[in-house]
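This report concerns only the one structure given below.
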Amino acid sequence: MEKLFSKLDLVDYAQSFKHFLAREKPLFMEGDANLHYKLIHELLTRDRLKPLPEVPSLDVALMHLSKMGILRLNEIFAFVQIVKYMQYLKNMLIDQSLGEWMERILIPQEITQICDYFDEKGELKPSVDEQFANIAQSLKMVKDEMNSTLRRLISTEKIALYLADKQIHYINNQEALLVRGGFNHVLKGNVIGRSSSGFFYVVPESLGKLVSRESELIDRKEELVYKYAKQISSVFTKQLKFLGFVNKEFDRFDAYYARVAYAREKDMEFVLPSKSNTIKLENFAHPALVNPKPITINFSKQVLMITGVNAGGKTMLLKSILSAAILSKYLLPMRIDAKHSSIGSFKEVFAILDDPQNVKNDISTFAGRMNEFSKLFGKKVALIGVDEIELGTDADEAANLFKVMIEKLIDKEMKIVITTHHKRLASLLATHPEVELLAAIYDEKSERPTYGFLKGTIGRSYAFETALRYGIPQSLVAEARVLYGEDKEKLNELIQKNIDLELEMRKTSEELDARLREVEKLKESLRDEKERVREEFDSAYSKMSKEFNQAIGEAKKAIKSSDTKESHRLLNKANQLHQETRKVIPDQKAEPLHVNDKIKYGSSKGIIKSIKKEEATIECDGIMLRVPLSKLKRTGNQPKVHKAGVVISKETPSGSMILDLHGLRADEAVERLDKFLSDALMSGFDEVLVYHGIGTGKLAYAVRTFLSTYPSLVSYGDAPINMGGYGATLIKL
């Protein structure tokens, strides 16, 4: 793996990431990648936890315990640090999947008691045994007496003449004075070292008894520590399975925490490997590049062949695709738009990038390439990157050979990224259904690569232009152009014209898209105006209904009135109100429709092909639609109907931009959605919103399944947060 990381320029990334680990471990995490991804994302949403303690690997310590061995105090303290941190996590992580994970870690009471034996520095607390307190106090007294004795000696006039300085030096854990040569005339003691200036470190003889006393106390302490280490090791041996388990869980959490901390510091995201082999990168930046141009690419076929200008970013694009696959495989963070990206899962990743020829290998460039390719035929479902595929041999011969080899690898479900400057191989594979072409773009005006790529074409190498840019004399380049030949130069010109035409078409398409957006804004404003008019009509209709009810009320009063004149007056008033109301109430009666009638559906005209119950199958602009009869209006052959009075009618809009499916069964929702989309298409809507809620997810699944097969769909996805988020789907038609 280190070799692969080196080829893909990921060494610095890996070293930087390892600084976030509490202890060194492999980058790959064993187990369920989906579960790892879920827990990492939960951890991302949490408040920052305190960092894990830096502890050594305890594999050897566990092996010693399995053989009834006795651990050193620092090894015991490392286990204590791990257990204490897991206790901290159990208190902090109490819900969601992280909480469930922590609940499964049950710490034995014996281990908890041992954790209380140690202070923060890893020393046994005096409270564990009174002897520790007595020894510590005695050692302090001895140290104080030694310092006092040395201070007295330093202040002695005879000795002061031989002192190099007036400090007490600690050499090999012993207090000593730094003196000049000839000190033996005034001071008796043992020389324990010599300074770089030629002075002597001397332990005065008067300190001998104190030094012996100090050694005795240290020995007593070590005996006492060994006694407790033996007792604790005996307990640890009984709890060996738990210690092995908690050690492994600590490593697992360490792997999660390091990834989250690194992602936060570098502003990176995670991409979970998908089951497909598609690699779709949106704004991916290779970790080795500073201020890079982000890469956006959809590599859906099995072979991606990159051609084009020298130093145009072909090799970096290849490395970026392979690096994204590796980082996703190991669930490592990267600079990418994760929401709009998808990276397939590959068992292995191979990078054939460098020249294998060197003195040690005793092998030619081409032979080395053949050796690497021969290993691939025994693999399956792998991602392969090959830089400068024809390197080391005749380009025409290599083109034919590699064409056959690549087709064989395609049969083995390999996914291959290739860079080349030779157009022969690209032209041989261009018609293969599983090969897609990509050309690095060169800006002839600025005479520089753009580090952009154009899909579906073969690019020029621009070798002559690159040579001029890097200082080759123009006369030599001109001579080379003549040797290159007029026909080949014309071919290059045709290739460039094709690229220029494609770029121009893209620019025109972007301009048309901008104009279309303006038209859509105008349509939206018209829809708003239509909605306003409809609201005014509803308000007027409500007012008239109220007046009609008042007329009915007046009539009832007239019937109950005993006064004949008053009854007639009230009846006349009710009749007058009723007549006024009838003038403005829409006439709901409509002539029945029949097969072959010409009709209008929304803004489109068509003809009825069949009628079944309350629905009709119509043909509009060559499209067959199934719509409710109530949505259709007769046109062309509509019979004349004489109606008395003034009639103000409300036109029902033929389509809506929003559909609410809450409370419906899946089959009802799909049927309603089908009609809704038909209306939207006929109304000219290019974007609609469907509310289905979150709930159990069944309704959302039914909607997404239907949309995946709908023919007139551009795209669909989760709505923005302010429009419903996961509980709604935004559809583009």
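How things are named: the first chain in the structure tokens is A, the next is B, and so on; residues count from 1 in each chain; ligands count from 1 in the order shown.
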So that I can check the surroundings of Ile135 of chain A, please list as a PyMOL selection string every protein, DNA and RNA residue that reaches within 12 Å of it, counting only C-alpha atoms and ignoring chain neighbours fewer than 2 positions away. chain A and resi 126+129-133+137-142+213-225
Polymer residues at most 12 Å from Gly344 of chain A, only C-alpha atoms, same-chain spacing of 2 or more positions, as a count of residues only: 34
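The list of residues with at least one atom within 10 Å of Leu289 of chain A, based on only C-alpha atoms and without residues fewer than 3 positions apart in the same chain, reads Asp9, Ala285, His286, Pro292, Lys293 and Met316 of chain A.
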Written selection (N, CA, C and O atoms) as a PDB file, in the first residue's frame:
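File written: out_23.pdb
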```
ATOM      1  N   ASP A   9       1.069  10.070  -5.133  1.00  0.00           N
ATOM      2  CA  ASP A   9       1.408  11.312  -4.417  1.00  0.00           C
ATOM      3  C   ASP A   9       0.549  11.507  -3.173  1.00  0.00           C
ATOM      4  O   ASP A   9       0.126  12.625  -2.850  1.00  0.00           O
ATOM      5  N   ALA A 285     -10.464  17.597  -5.358  1.00  0.00           N
ATOM      6  CA  ALA A 285      -9.127  18.192  -5.393  1.00  0.00           C
ATOM      7  C   ALA A 285      -8.136  17.198  -4.807  1.00  0.00           C
ATOM      8  O   ALA A 285      -8.319  16.712  -3.692  1.00  0.00           O
ATOM      9  N   HIS A 286      -7.085  16.908  -5.563  1.00  0.00           N
ATOM     10  CA  HIS A 286      -6.066  15.965  -5.079  1.00  0.00           C
ATOM     11  C   HIS A 286      -5.362  16.563  -3.861  1.00  0.00           C
ATOM     12  O   HIS A 286      -4.986  17.743  -3.864  1.00  0.00           O
ATOM     13  N   PRO A 292      -5.662  23.792  -6.145  1.00  0.00           N
ATOM     14  CA  PRO A 292      -5.847  23.115  -7.435  1.00  0.00           C
ATOM     15  C   PRO A 292      -7.139  23.544  -8.125  1.00  0.00           C
ATOM     16  O   PRO A 292      -8.032  24.115  -7.498  1.00  0.00           O
ATOM     17  N   LYS A 293      -7.220  23.253  -9.431  1.00  0.00           N
ATOM     18  CA  LYS A 293      -8.472  23.415 -10.154  1.00  0.00           C
ATOM     19  C   LYS A 293      -9.298  22.160  -9.907  1.00  0.00           C
ATOM     20  O   LYS A 293      -8.884  21.055 -10.264  1.00  0.00           O
ATOM     21  N   MET A 316      -2.312  14.025 -13.776  1.00  0.00           N
ATOM     22  CA  MET A 316      -2.915  14.407 -12.494  1.00  0.00           C
ATOM     23  C   MET A 316      -4.374  13.983 -12.436  1.00  0.00           C
ATOM     24  O   MET A 316      -4.878  13.609 -11.369  1.00  0.00           O
TER      25      MET A 316
END
```
Residue contacts of Leu707 of chain A (12 Å, only C-alpha atoms) excluding same-chain residues fewer than 6 positions away, as a PyMOL selection string: chain A and resi 670+673-674+677+690+700-701+713-717+729-733
Picked from segment 95-265 of chain A by DSSP as helix (DSSP H, G or I), as number ranges by chain: A: 96-103, 109-115, 126-128, 130-155, 157-160, 183-185, 205-238, 240-265
In Å, with one decimal, what is the gap from atom CA of Asp597 of chain A to atom CA of Lys530 of chain A?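 These atoms are spaced 28.3 Å apart.
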Skip segment 401-411 of chain A itself and residues of its chain fewer than 4 positions away, then list as a list of chain:residue names all residues within 8 Å of it, counting only C-alpha atoms. A:Gln302, A:Val303, A:Leu376, A:Phe377, A:Glu397, A:Lys415, A:Leu425, A:Leu428, A:Leu429, A:Glu434
